[in-house]
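Trainee: Structure file coords10.cif (mmCIF, C-alpha atoms, pLDDT in the B column; chains and numbers go by the auth columns) right here:
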data_run
#
loop_
_atom_site.group_PDB
_atom_site.id
_atom_site.type_symbol
_atom_site.label_atom_id
_atom_site.label_comp_id
_atom_site.label_asym_id
_atom_site.label_seq_id
_atom_site.Cartn_x
_atom_site.Cartn_y
_atom_site.Cartn_z
_atom_site.B_iso_or_equiv
_atom_site.auth_seq_id
_atom_site.auth_asym_id
ATOM 1 C CA MET A 1 85.776 68.958 67.736 54.00 1 I
ATOM 2 C CA LYS A 2 84.121 68.623 71.138 49.00 2 I
ATOM 3 C CA ILE A 3 87.280 67.046 72.539 58.00 3 I
ATOM 4 C CA LEU A 4 89.387 69.925 71.194 46.00 4 I
ATOM 5 C CA ILE A 5 87.054 72.492 72.739 51.00 5 I
ATOM 6 C CA PHE A 6 87.153 70.621 76.044 45.00 6 I
ATOM 7 C CA ILE A 7 90.961 70.592 75.994 49.00 7 I
ATOM 8 C CA LEU A 8 91.119 74.328 75.192 41.00 8 I
ATOM 9 C CA VAL A 9 88.657 75.176 77.990 39.00 9 I
ATOM 10 C CA PHE A 10 90.624 72.991 80.405 43.00 10 I
ATOM 11 C CA LEU A 11 93.895 74.703 79.446 41.00 11 I
ATOM 12 C CA PHE A 12 92.304 78.138 79.815 38.00 12 I
ATOM 13 C CA PHE A 13 91.140 77.498 83.382 36.00 13 I
ATOM 14 C CA TYR A 14 94.357 75.692 84.292 40.00 14 I
ATOM 15 C CA LEU A 15 96.401 78.708 83.221 38.00 15 I
ATOM 16 C CA LEU A 16 93.941 81.098 84.856 36.00 16 I
ATOM 17 C CA PHE A 17 94.153 79.474 88.276 38.00 17 I
ATOM 18 C CA ASN A 18 97.730 78.221 88.229 44.00 18 I
ATOM 19 C CA TRP A 19 99.890 80.547 86.121 42.00 19 I
ATOM 20 C CA VAL A 20 98.189 83.949 86.097 40.00 20 I
ATOM 21 C CA PRO A 21 98.536 84.426 89.902 47.00 21 I
ATOM 22 C CA ARG A 22 102.262 83.772 89.605 53.00 22 I
ATOM 23 C CA TRP A 23 102.694 86.874 87.472 57.00 23 I
ATOM 24 C CA LYS A 24 102.139 88.839 90.660 66.00 24 I
ATOM 25 C CA TYR A 25 105.373 87.423 92.001 68.00 25 I
ATOM 26 C CA TYR A 26 107.244 88.428 88.871 74.00 26 I
ATOM 27 C CA TYR A 27 106.540 92.052 89.800 74.00 27 I
ATOM 28 C CA ILE A 28 107.537 91.398 93.408 76.00 28 I
ATOM 29 C CA TYR A 29 110.886 89.880 92.420 74.00 29 I
ATOM 30 C CA LYS A 30 111.437 92.662 89.901 78.00 30 I
ATOM 31 C CA GLY A 31 110.584 95.315 92.498 74.00 31 I
ATOM 32 C CA SER A 32 112.910 93.795 95.075 76.00 32 I
ATOM 33 C CA GLY A 33 115.760 93.773 92.579 81.00 33 I
ATOM 34 C CA LEU A 34 115.214 97.386 91.564 78.00 34 I
ATOM 35 C CA ILE A 35 115.099 98.537 95.194 79.00 35 I
ATOM 36 C CA ASN A 36 118.340 96.686 95.911 82.00 36 I
ATOM 37 C CA GLU A 37 119.890 98.516 92.943 84.00 37 I
ATOM 38 C CA GLY A 38 118.829 101.835 94.434 83.00 38 I
ATOM 39 C CA LYS A 39 116.018 102.403 91.896 86.00 39 I
ATOM 40 C CA ILE A 40 113.508 103.027 94.650 84.00 40 I
ATOM 41 C CA GLU A 41 110.637 104.636 92.746 89.00 41 I
ATOM 42 C CA GLU A 42 110.649 102.016 89.980 87.00 42 I
ATOM 43 C CA GLY A 43 111.018 99.213 92.501 81.00 43 I
ATOM 44 C CA LEU A 44 108.088 100.337 94.639 84.00 44 I
ATOM 45 C CA ALA A 45 105.895 100.723 91.549 85.00 45 I
ATOM 46 C CA ALA A 46 106.687 97.167 90.457 81.00 46 I
ATOM 47 C CA PHE A 47 106.243 95.772 93.967 81.00 47 I
ATOM 48 C CA GLU A 48 102.885 97.523 94.253 85.00 48 I
ATOM 49 C CA LYS A 49 101.614 95.718 91.136 84.00 49 I
ATOM 50 C CA GLY A 50 102.531 92.409 92.697 80.00 50 I
ATOM 51 C CA ALA A 51 101.272 93.169 96.196 84.00 51 I
ATOM 52 C CA TYR A 52 97.709 94.017 95.175 84.00 52 I
ATOM 53 C CA GLY A 53 96.045 90.736 94.436 71.00 53 I
ATOM 54 C CA ALA A 54 93.979 88.127 96.223 63.00 54 I
ATOM 55 C CA LYS A 55 96.550 85.453 95.404 76.00 55 I
ATOM 56 C CA THR A 56 99.479 87.384 96.930 82.00 56 I
ATOM 57 C CA ASP A 57 100.299 86.095 100.398 86.00 57 I
ATOM 58 C CA ASN A 58 99.794 88.454 103.325 89.00 58 I
ATOM 59 C CA MET A 59 103.415 88.420 104.500 89.00 59 I
ATOM 60 C CA THR A 60 104.405 89.769 101.071 88.00 60 I
ATOM 61 C CA LYS A 61 101.768 92.474 101.432 91.00 61 I
ATOM 62 C CA ILE A 62 103.196 93.393 104.841 92.00 62 I
ATOM 63 C CA ARG A 63 106.658 93.509 103.312 91.00 63 I
ATOM 64 C CA TYR A 64 105.390 95.881 100.628 89.00 64 I
ATOM 65 C CA ALA A 65 103.807 98.114 103.290 93.00 65 I
ATOM 66 C CA PHE A 66 107.079 98.244 105.195 93.00 66 I
ATOM 67 C CA LEU A 67 108.998 99.162 102.032 91.00 67 I
ATOM 68 C CA GLU A 68 106.542 101.994 101.349 91.00 68 I
ATOM 69 C CA LEU A 69 106.952 103.127 104.949 93.00 69 I
ATOM 70 C CA LYS A 70 110.722 103.006 104.617 91.00 70 I
ATOM 71 C CA PHE A 71 111.196 104.481 101.150 92.00 71 I
ATOM 72 C CA GLY A 72 107.900 105.747 99.760 90.00 72 I
ATOM 73 C CA SER A 73 104.419 106.741 100.856 92.00 73 I
ATOM 74 C CA LEU A 74 103.094 106.590 104.418 93.00 74 I
ATOM 75 C CA LYS A 75 99.576 106.718 102.963 95.00 75 I
ATOM 76 C CA LYS A 76 100.184 103.674 100.743 94.00 76 I
ATOM 77 C CA ALA A 77 101.801 101.800 103.623 94.00 77 I
ATOM 78 C CA LYS A 78 98.784 102.400 105.841 96.00 78 I
ATOM 79 C CA LYS A 79 96.324 101.448 103.096 95.00 79 I
ATOM 80 C CA MET A 80 98.000 98.067 102.628 94.00 80 I
ATOM 81 C CA ILE A 81 98.325 97.336 106.347 96.00 81 I
ATOM 82 C CA MET A 82 94.672 98.187 106.968 96.00 82 I
ATOM 83 C CA TRP A 83 93.702 95.842 104.116 93.00 83 I
ATOM 84 C CA VAL A 84 95.732 93.009 105.662 94.00 84 I
ATOM 85 C CA LEU A 85 94.353 93.659 109.148 94.00 85 I
ATOM 86 C CA GLY A 86 90.830 93.559 107.723 93.00 86 I
ATOM 87 C CA GLU A 87 91.338 90.024 106.400 89.00 87 I
ATOM 88 C CA LYS A 88 90.896 86.694 108.183 91.00 88 I
ATOM 89 C CA ILE A 89 94.556 85.919 108.844 91.00 89 I
ATOM 90 C CA PRO A 90 96.596 83.773 111.265 92.00 90 I
ATOM 91 C CA GLN A 91 97.539 85.446 114.544 92.00 91 I
ATOM 92 C CA ASN A 92 101.272 85.525 113.746 91.00 92 I
ATOM 93 C CA VAL A 93 100.552 87.396 110.501 92.00 93 I
ATOM 94 C CA ARG A 94 98.249 89.792 112.353 94.00 94 I
ATOM 95 C CA TYR A 95 100.984 90.618 114.866 92.00 95 I
ATOM 96 C CA GLU A 96 103.520 91.163 112.079 91.00 96 I
ATOM 97 C CA ALA A 97 101.085 93.615 110.476 94.00 97 I
ATOM 98 C CA LYS A 98 100.423 95.356 113.801 93.00 98 I
ATOM 99 C CA SER A 99 104.166 95.793 114.356 90.00 99 I
ATOM 100 C CA VAL A 100 104.327 97.785 111.122 92.00 100 I
ATOM 101 C CA TYR A 101 101.078 99.567 112.000 94.00 101 I
ATOM 102 C CA ALA A 102 102.629 100.748 115.289 91.00 102 I
ATOM 103 C CA ILE A 103 105.390 102.505 113.336 90.00 103 I
ATOM 104 C CA ILE A 104 102.800 104.044 110.985 93.00 104 I
ATOM 105 C CA LEU A 105 100.920 105.435 113.996 93.00 105 I
ATOM 106 C CA TYR A 106 104.154 106.834 115.391 89.00 106 I
ATOM 107 C CA LYS A 107 104.991 108.485 112.055 90.00 107 I
ATOM 108 C CA GLU A 108 101.491 110.001 112.020 92.00 108 I
ATOM 109 C CA GLY A 109 102.109 111.469 115.470 90.00 109 I
ATOM 110 C CA ASP A 110 99.607 109.255 117.323 90.00 110 I
ATOM 111 C CA LEU A 111 102.045 108.288 120.082 84.00 111 I
ATOM 112 C CA ALA A 112 99.457 106.940 122.540 83.00 112 I
ATOM 113 C CA GLU A 113 97.915 104.562 119.988 91.00 113 I
ATOM 114 C CA ALA A 114 101.360 103.572 118.706 88.00 114 I
ATOM 115 C CA LYS A 115 102.405 102.629 122.233 85.00 115 I
ATOM 116 C CA GLU A 116 99.191 100.686 122.896 88.00 116 I
ATOM 117 C CA THR A 117 99.564 98.779 119.631 90.00 117 I
ATOM 118 C CA MET A 118 103.225 98.122 120.361 84.00 118 I
ATOM 119 C CA LEU A 119 102.471 96.660 123.796 86.00 119 I
ATOM 120 C CA SER A 120 99.644 94.476 122.483 90.00 120 I
ATOM 121 C CA VAL A 121 102.092 92.880 120.043 88.00 121 I
ATOM 122 C CA TYR A 122 104.782 92.442 122.680 87.00 122 I
ATOM 123 C CA GLU A 123 102.408 90.647 125.044 88.00 123 I
ATOM 124 C CA ASN A 124 101.507 88.036 122.437 89.00 124 I
ATOM 125 C CA TYR A 125 104.244 87.603 119.835 87.00 125 I
ATOM 126 C CA LYS A 126 108.019 87.183 119.813 87.00 126 I
ATOM 127 C CA ASN A 127 110.449 87.068 116.885 87.00 127 I
ATOM 128 C CA THR A 128 113.506 88.982 115.668 90.00 128 I
ATOM 129 C CA ASN A 129 111.539 91.433 113.500 82.00 129 I
ATOM 130 C CA MET A 130 109.228 92.226 116.409 83.00 130 I
ATOM 131 C CA TYR A 131 112.171 92.875 118.755 90.00 131 I
ATOM 132 C CA CYS A 132 113.877 95.112 116.160 89.00 132 I
ATOM 133 C CA THR A 133 110.743 97.146 115.496 81.00 133 I
ATOM 134 C CA LEU A 134 109.541 97.445 119.062 84.00 134 I
ATOM 135 C CA GLY A 135 113.021 98.118 120.422 91.00 135 I
ATOM 136 C CA TYR A 136 113.095 101.130 118.110 85.00 136 I
ATOM 137 C CA LEU A 137 109.732 102.282 119.491 84.00 137 I
ATOM 138 C CA PHE A 138 110.579 101.523 123.142 90.00 138 I
ATOM 139 C CA ASN A 139 113.589 103.859 122.904 91.00 139 I
ATOM 140 C CA ILE A 140 111.293 106.618 121.653 86.00 140 I
ATOM 141 C CA LEU A 141 108.062 106.061 123.563 83.00 141 I
ATOM 142 C CA GLU A 142 109.033 104.364 126.833 88.00 142 I
ATOM 143 C CA THR A 143 111.139 105.374 129.835 93.00 143 I
ATOM 144 C CA PRO A 144 114.877 104.626 129.500 94.00 144 I
ATOM 145 C CA GLU A 145 114.621 102.004 132.247 96.00 145 I
ATOM 146 C CA ASN A 146 111.812 100.145 130.488 94.00 146 I
ATOM 147 C CA ALA A 147 113.613 100.471 127.153 95.00 147 I
ATOM 148 C CA VAL A 148 116.758 98.893 128.609 97.00 148 I
ATOM 149 C CA LYS A 149 114.733 96.036 130.095 96.00 149 I
ATOM 150 C CA PHE A 150 112.990 95.345 126.789 95.00 150 I
ATOM 151 C CA ASN A 151 116.159 95.559 124.710 97.00 151 I
ATOM 152 C CA GLU A 152 118.024 93.270 127.114 97.00 152 I
ATOM 153 C CA GLU A 153 115.296 90.708 126.506 96.00 153 I
ATOM 154 C CA ALA A 154 115.662 91.276 122.762 96.00 154 I
ATOM 155 C CA TYR A 155 119.420 90.785 123.036 97.00 155 I
ATOM 156 C CA GLU A 156 118.909 87.486 124.839 97.00 156 I
ATOM 157 C CA TYR A 157 116.582 86.422 122.017 96.00 157 I
ATOM 158 C CA ASN A 158 119.017 87.350 119.209 96.00 158 I
ATOM 159 C CA GLY A 159 122.224 89.032 120.315 95.00 159 I
ATOM 160 C CA ASP A 160 123.775 88.793 116.857 95.00 160 I
ATOM 161 C CA HIS A 161 121.399 91.162 115.078 96.00 161 I
ATOM 162 C CA PRO A 162 122.919 94.640 114.514 96.00 162 I
ATOM 163 C CA VAL A 163 119.615 96.492 114.981 96.00 163 I
ATOM 164 C CA ILE A 164 118.931 94.747 118.288 97.00 164 I
ATOM 165 C CA ILE A 165 122.472 95.553 119.463 97.00 165 I
ATOM 166 C CA ASP A 166 122.056 99.196 118.433 97.00 166 I
ATOM 167 C CA ASN A 167 118.699 99.424 120.231 97.00 167 I
ATOM 168 C CA LEU A 168 120.283 98.109 123.416 98.00 168 I
ATOM 169 C CA GLY A 169 123.276 100.440 123.147 97.00 169 I
ATOM 170 C CA GLN A 170 121.039 103.450 122.592 97.00 170 I
ATOM 171 C CA SER A 171 118.759 102.575 125.501 97.00 171 I
ATOM 172 C CA CYS A 172 121.803 102.240 127.792 97.00 172 I
ATOM 173 C CA TYR A 173 123.035 105.639 126.588 97.00 173 I
ATOM 174 C CA LEU A 174 119.625 107.225 127.195 96.00 174 I
ATOM 175 C CA ASN A 175 119.565 105.619 130.654 96.00 175 I
ATOM 176 C CA GLY A 176 122.918 107.222 131.500 96.00 176 I
ATOM 177 C CA ASP A 177 124.950 103.984 131.499 97.00 177 I
ATOM 178 C CA ILE A 178 127.723 105.340 129.267 97.00 178 I
ATOM 179 C CA ASP A 179 130.305 102.667 130.077 96.00 179 I
ATOM 180 C CA ARG A 180 127.972 99.840 129.143 97.00 180 I
ATOM 181 C CA ALA A 181 126.858 101.666 125.995 97.00 181 I
ATOM 182 C CA TYR A 182 130.527 102.073 125.059 97.00 182 I
ATOM 183 C CA GLU A 183 131.131 98.329 125.344 97.00 183 I
ATOM 184 C CA ILE A 184 128.015 97.497 123.330 97.00 184 I
ATOM 185 C CA TYR A 185 128.851 99.901 120.513 97.00 185 I
ATOM 186 C CA GLY A 186 132.453 98.756 120.482 95.00 186 I
ATOM 187 C CA ASP A 187 131.189 95.270 119.647 95.00 187 I
ATOM 188 C CA LEU A 188 128.596 96.550 117.180 97.00 188 I
ATOM 189 C CA ILE A 189 131.047 98.615 115.123 95.00 189 I
ATOM 190 C CA LYS A 190 133.172 95.498 114.567 94.00 190 I
ATOM 191 C CA LEU A 191 130.190 94.087 112.636 94.00 191 I
ATOM 192 C CA GLU A 192 130.336 97.091 110.252 95.00 192 I
ATOM 193 C CA PRO A 193 126.585 97.875 110.370 95.00 193 I
ATOM 194 C CA LYS A 194 125.078 99.397 107.242 93.00 194 I
ATOM 195 C CA PHE A 195 122.884 102.023 108.912 94.00 195 I
ATOM 196 C CA PRO A 196 123.989 105.501 110.116 96.00 196 I
ATOM 197 C CA GLU A 197 122.393 105.351 113.571 95.00 197 I
ATOM 198 C CA ALA A 198 124.993 102.877 114.833 96.00 198 I
ATOM 199 C CA TYR A 199 127.868 105.258 114.095 97.00 199 I
ATOM 200 C CA TYR A 200 125.983 108.373 115.201 97.00 200 I
ATOM 201 C CA ASN A 201 124.940 106.805 118.508 97.00 201 I
ATOM 202 C CA PHE A 202 128.475 105.556 119.127 97.00 202 I
ATOM 203 C CA ALA A 203 129.734 109.087 118.437 97.00 203 I
ATOM 204 C CA LEU A 204 127.429 110.414 121.164 97.00 204 I
ATOM 205 C CA VAL A 205 128.845 107.851 123.594 97.00 205 I
ATOM 206 C CA LEU A 206 132.429 108.725 122.623 97.00 206 I
ATOM 207 C CA HIS A 207 131.687 112.428 123.068 96.00 207 I
ATOM 208 C CA LYS A 208 130.377 111.737 126.577 95.00 208 I
ATOM 209 C CA ARG A 209 133.649 109.974 127.326 95.00 209 I
ATOM 210 C CA GLY A 210 135.662 112.933 125.997 94.00 210 I
ATOM 211 C CA ASP A 211 136.986 111.162 122.879 95.00 211 I
ATOM 212 C CA ASN A 212 135.968 113.793 120.355 95.00 212 I
ATOM 213 C CA GLU A 213 138.453 112.766 117.676 95.00 213 I
ATOM 214 C CA ARG A 214 137.053 109.267 117.415 96.00 214 I
ATOM 215 C CA ALA A 215 133.539 110.670 117.689 96.00 215 I
ATOM 216 C CA LYS A 216 134.245 112.740 114.570 96.00 216 I
ATOM 217 C CA GLU A 217 135.429 109.615 112.768 96.00 217 I
ATOM 218 C CA MET A 218 132.160 107.867 113.609 97.00 218 I
ATOM 219 C CA LEU A 219 130.078 110.831 112.459 97.00 219 I
ATOM 220 C CA GLU A 220 131.948 110.987 109.165 97.00 220 I
ATOM 221 C CA LYS A 221 131.362 107.277 108.680 97.00 221 I
ATOM 222 C CA ALA A 222 127.666 107.704 109.489 96.00 222 I
ATOM 223 C CA LEU A 223 127.362 110.146 106.589 97.00 223 I
ATOM 224 C CA THR A 224 128.543 107.441 104.177 96.00 224 I
ATOM 225 C CA LYS A 225 125.596 105.169 105.040 95.00 225 I
ATOM 226 C CA PRO A 226 122.183 105.226 103.320 91.00 226 I
ATOM 227 C CA PHE A 227 119.375 107.332 104.792 92.00 227 I
ATOM 228 C CA HIS A 228 115.642 106.649 104.429 91.00 228 I
ATOM 229 C CA GLN A 229 112.334 107.619 106.012 90.00 229 I
ATOM 230 C CA LEU A 230 112.775 105.350 109.025 89.00 230 I
ATOM 231 C CA THR A 231 116.306 106.495 109.778 91.00 231 I
ATOM 232 C CA THR A 232 116.084 107.973 113.265 88.00 232 I
ATOM 233 C CA VAL A 233 118.758 110.608 112.671 93.00 233 I
ATOM 234 C CA SER A 234 118.978 113.008 109.722 93.00 234 I
ATOM 235 C CA ARG A 235 122.018 113.870 107.645 94.00 235 I
ATOM 236 C CA GLU A 236 121.669 117.464 108.890 95.00 236 I
ATOM 237 C CA GLU A 237 121.769 116.386 112.549 96.00 237 I
ATOM 238 C CA ILE A 238 124.982 114.484 111.941 95.00 238 I
ATOM 239 C CA GLU A 239 126.553 117.384 110.076 95.00 239 I
ATOM 240 C CA ASN A 240 125.570 119.777 112.859 95.00 240 I
ATOM 241 C CA LYS A 241 127.072 117.489 115.465 93.00 241 I
ATOM 242 C CA LEU A 242 130.311 117.369 113.478 92.00 242 I
ATOM 243 C CA GLU A 243 130.479 121.159 113.487 92.00 243 I
ATOM 244 C CA GLN A 244 129.966 121.246 117.260 91.00 244 I
ATOM 245 C CA LEU A 245 132.885 118.908 118.015 87.00 245 I
#
Would you mind writing the file's structure down as structure tokens?
Mentor:
Amino acid sequence: MKILIFILVFLFFYLLFNWVPRWKYYYIYKGSGLINEGKIEEGLAAFEKGAYGAKTDNMTKIRYAFLELKFGSLKKAKKMIMWVLGEKIPQNVRYEAKSVYAIILYKEGDLAEAKETMLSVYENYKNTNMYCTLGYLFNILETPENAVKFNEEAYEYNGDHPVIIDNLGQSCYLNGDIDRAYEIYGDLIKLEPKFPEAYYNFALVLHKRGDNERAKEMLEKALTKPFHQLTTVSREEIENKLEQL
């Protein structure tokens, strides 16, 4: 009897420490699938169940925060990021979290703090996600000249990523270099990007060059792409631009 009890106790603790934590990832995988299917609310709810847990890795928590920022609640995104930043975590994870935090600050309207956070990440950490995120913020918060310089560096780091290419094209447009922006967007459109900004920004470049017919085509294509809370141009802005051309 004692041996049986020992075996049952052993199995209980084995399952507790080895299998129960994995259920968190079931919700994460389920949430990811639902979001990919366009079931955003259900997906975020499932992902949230998986993200909150001591056994869930911090990069997954950051991913959840970004998904909330993109599709759901700014408040929930900030809550998760502040939790991660309050933990003892490796520096690379901290900078990933701060990259998302910089966007949260921008969305809250705290531009000065967003810029300071953005620059602190840039000075210490380099990867594709960082260049995508900070390129987006440089175009908004920095001078066009500084934005071009940053996005050129990003392009050298990963010139195949559509978001990095779009950031560079937009910064060239904002800096008044229409010919270079035209070349960049010409290459980007061949990649058939899945976000509306690429087509909208190219339409602005085409309009500057006097090619309004093709600009209309790009605007119409932009309207076929998905919009979310981090999309930098609204459906209404695109529709209004179409009416103006």
Trainee: Under the PyMOL selection byres ((chain I and resi 150-162) around 7), which residues of this model are included? Write them out as a list in words.
Mentor: Thr128, Tyr131, Gly135, Asn146, Ala147, Val148, Lys149, Val163, Ile164, Ile165, Asp166, Asn167, Leu168, Leu188 and Pro193 of chain I
Trainee: How many Å lie between CA of Ala65 in chain I and CA of Leu105 in chain I, rounded to one decimal?
Mentor: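 Atom-to-atom, CA of Ala65 in chain I and CA of Leu105 in chain I are spaced 13.3 Å apart.
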Trainee: Distance table requested - range 62-140 of chain I against range 217-230 of chain I, cut-off 8 Å, all atoms listed in the file: one row per qualifying residue with the closest atom pair and its distance in Å to one decimal, ordered by chain and rising residue number, as JSON lines.
Mentor:
{"residue": "I:Leu69", "atom": "CA", "partner": "I:Gln229", "partner_atom": "CA", "distance": 7.1}
{"residue": "I:Lys70", "atom": "CA", "partner": "I:Gln229", "partner_atom": "CA", "distance": 5.1}
{"residue": "I:Phe71", "atom": "CA", "partner": "I:Gln229", "partner_atom": "CA", "distance": 5.9}
{"residue": "I:Gly72", "atom": "CA", "partner": "I:Gln229", "partner_atom": "CA", "distance": 7.9}
Trainee: Please tell me which residues are no farther than 12 Å from (129.9, 121.5, 117.7) in the file, counting all atoms listed in the file, and write them as a list in words.
Mentor: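 Every polymer residue passing the test: Leu204, His207, Asn212, Ala215, Lys216, Leu219, Glu237, Ile238, Glu239, Asn240, Lys241, Leu242, Glu243, Gln244 and Leu245 of chain I.
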Trainee: Export C-alpha atoms of the chosen residues as a PDB file, in the coordinates of the input?
Mentor:
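Contents of part.pdb, as written:
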ATOM      1  CA  LEU I 204     127.429 110.414 121.164  1.00 97.00           C
ATOM      2  CA  HIS I 207     131.687 112.428 123.068  1.00 96.00           C
ATOM      3  CA  ASN I 212     135.968 113.793 120.355  1.00 95.00           C
ATOM      4  CA  ALA I 215     133.539 110.670 117.689  1.00 96.00           C
ATOM      5  CA  LYS I 216     134.245 112.740 114.570  1.00 96.00           C
ATOM      6  CA  LEU I 219     130.078 110.831 112.459  1.00 97.00           C
ATOM      7  CA  GLU I 237     121.769 116.386 112.549  1.00 96.00           C
ATOM      8  CA  ILE I 238     124.982 114.484 111.941  1.00 95.00           C
ATOM      9  CA  GLU I 239     126.553 117.384 110.076  1.00 95.00           C
ATOM     10  CA  ASN I 240     125.570 119.777 112.859  1.00 95.00           C
ATOM     11  CA  LYS I 241     127.072 117.489 115.465  1.00 93.00           C
ATOM     12  CA  LEU I 242     130.311 117.369 113.478  1.00 92.00           C
ATOM     13  CA  GLU I 243     130.479 121.159 113.487  1.00 92.00           C
ATOM     14  CA  GLN I 244     129.966 121.246 117.260  1.00 91.00           C
ATOM     15  CA  LEU I 245     132.885 118.908 118.015  1.00 87.00           C
TER      16      LEU I 245
END
Trainee: Identify which of the residues I:Ala181, I:Lys78, I:Lys194, I:Glu48 lies closest to Tyr101 in chain I, counting all atoms listed in the file when measuring atom-to-atom distances.
Mentor: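 Smallest separation from Tyr101 in chain I among the options: I:Lys78.
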Trainee: To verify the selection step, state as number ranges by chain which residues the PyMOL selection byres ((chain I and resi 37-40) around 12) yields on this input.
Mentor: I: 30-36, 41-48, 67-68, 70-73, 226-228
Trainee: Excluding Tyr52 in chain I and residues on its chain fewer than 4 positions from it, collect all residues at most 12 Å away from it, counting all atoms listed in the file, and give them as an NGL selection string.
Mentor: :I and (21 or 23-25 or 27-28 or 45-48 or 56-58 or 60-62 or 64-65 or 76 or 79-81 or 83-84)
Trainee: Of the candidates I:Thr231, I:Asn175, I:Gln170, I:Thr143, which shows the shortest atom-to-atom distance to Phe195 in chain I, using only C-alpha atoms?
Mentor: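 Nearest to Phe195 in chain I: I:Thr231.
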Trainee: Between CA of Thr232 in chain I and CA of Arg94 in chain I, what is the distance, to one decimal in Å?
Mentor: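 Taking CA of Thr232 in chain I and CA of Arg94 in chain I, their separation equals 25.5 Å.
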Trainee: Do a neighbour search on Gln91 in chain I at 10 Å with all atoms listed in the file, toss out local chain neighbours closer than 4 positions, and write the hits as a ChimeraX atom specification.
Mentor: /I:95-97,124-125
Trainee: Draw an axis-aligned box tight on the listed atoms of range 70-88 of chain I, then pad every side by 4 Å and write out centre and edge lengths in Å to one decimal as AutoDock Vina command-line options.
Mentor:
--center_x 101.0 --center_y 96.7 --center_z 104.5 --size_x 28.4 --size_y 28.0 --size_z 17.4
Trainee: Given the file shown, enumerate the residues that the PyMOL selection byres ((chain I and resi 176-179) around 10) captures and present them as a list in words.
Mentor: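 The output of the PyMOL selection byres ((chain I and resi 176-179) around 10) on this file is Pro144, Glu145, Gly169, Gln170, Ser171, Cys172, Tyr173, Leu174, Asn175, Arg180, Ala181, Tyr182, Glu183, Ile184, Leu204, Val205, Leu206, Lys208 and Arg209 of chain I.
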Trainee: With all heavy atoms as the goal, would you fill in the gaps in range 239-243 of chain I and present it as a compact mmCIF listing (two decimals), in the coordinates of the input?
Mentor:
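Generated output (rebuild_18.txt):
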# COMPACT_ATOMS: atom_id res chain seq x y z
N GLU I 239 125.67 116.29 110.50
CA GLU I 239 126.55 117.38 110.08
C GLU I 239 126.66 118.45 111.15
O GLU I 239 127.76 119.00 111.40
CB GLU I 239 126.04 117.97 108.76
CG GLU I 239 126.21 117.02 107.58
CD GLU I 239 125.51 117.51 106.32
OE1 GLU I 239 124.66 118.42 106.44
OE2 GLU I 239 125.80 116.98 105.23
N ASN I 240 125.54 118.78 111.79
CA ASN I 240 125.57 119.78 112.86
C ASN I 240 126.40 119.30 114.05
O ASN I 240 127.12 120.11 114.66
CB ASN I 240 124.13 120.08 113.32
CG ASN I 240 123.34 120.87 112.30
OD1 ASN I 240 123.91 121.52 111.42
ND2 ASN I 240 122.03 120.79 112.38
N LYS I 241 126.28 118.02 114.37
CA LYS I 241 127.07 117.49 115.46
C LYS I 241 128.55 117.54 115.15
O LYS I 241 129.38 117.84 116.03
CB LYS I 241 126.64 116.03 115.74
CG LYS I 241 127.17 115.48 117.06
CD LYS I 241 126.53 116.20 118.25
CE LYS I 241 127.05 115.70 119.57
NZ LYS I 241 126.47 116.42 120.71
N LEU I 242 128.91 117.29 113.90
CA LEU I 242 130.31 117.37 113.48
C LEU I 242 130.85 118.78 113.68
O LEU I 242 131.98 118.97 114.14
CB LEU I 242 130.43 116.97 112.01
CG LEU I 242 130.93 115.57 111.68
CD1 LEU I 242 130.86 115.33 110.18
CD2 LEU I 242 132.35 115.36 112.19
N GLU I 243 130.04 119.77 113.34
CA GLU I 243 130.48 121.16 113.49
C GLU I 243 130.66 121.55 114.95
O GLU I 243 131.52 122.37 115.28
CB GLU I 243 129.45 122.10 112.83
CG GLU I 243 129.42 121.99 111.31
CD GLU I 243 128.37 122.91 110.71
OE1 GLU I 243 127.75 123.68 111.48
OE2 GLU I 243 128.16 122.87 109.48
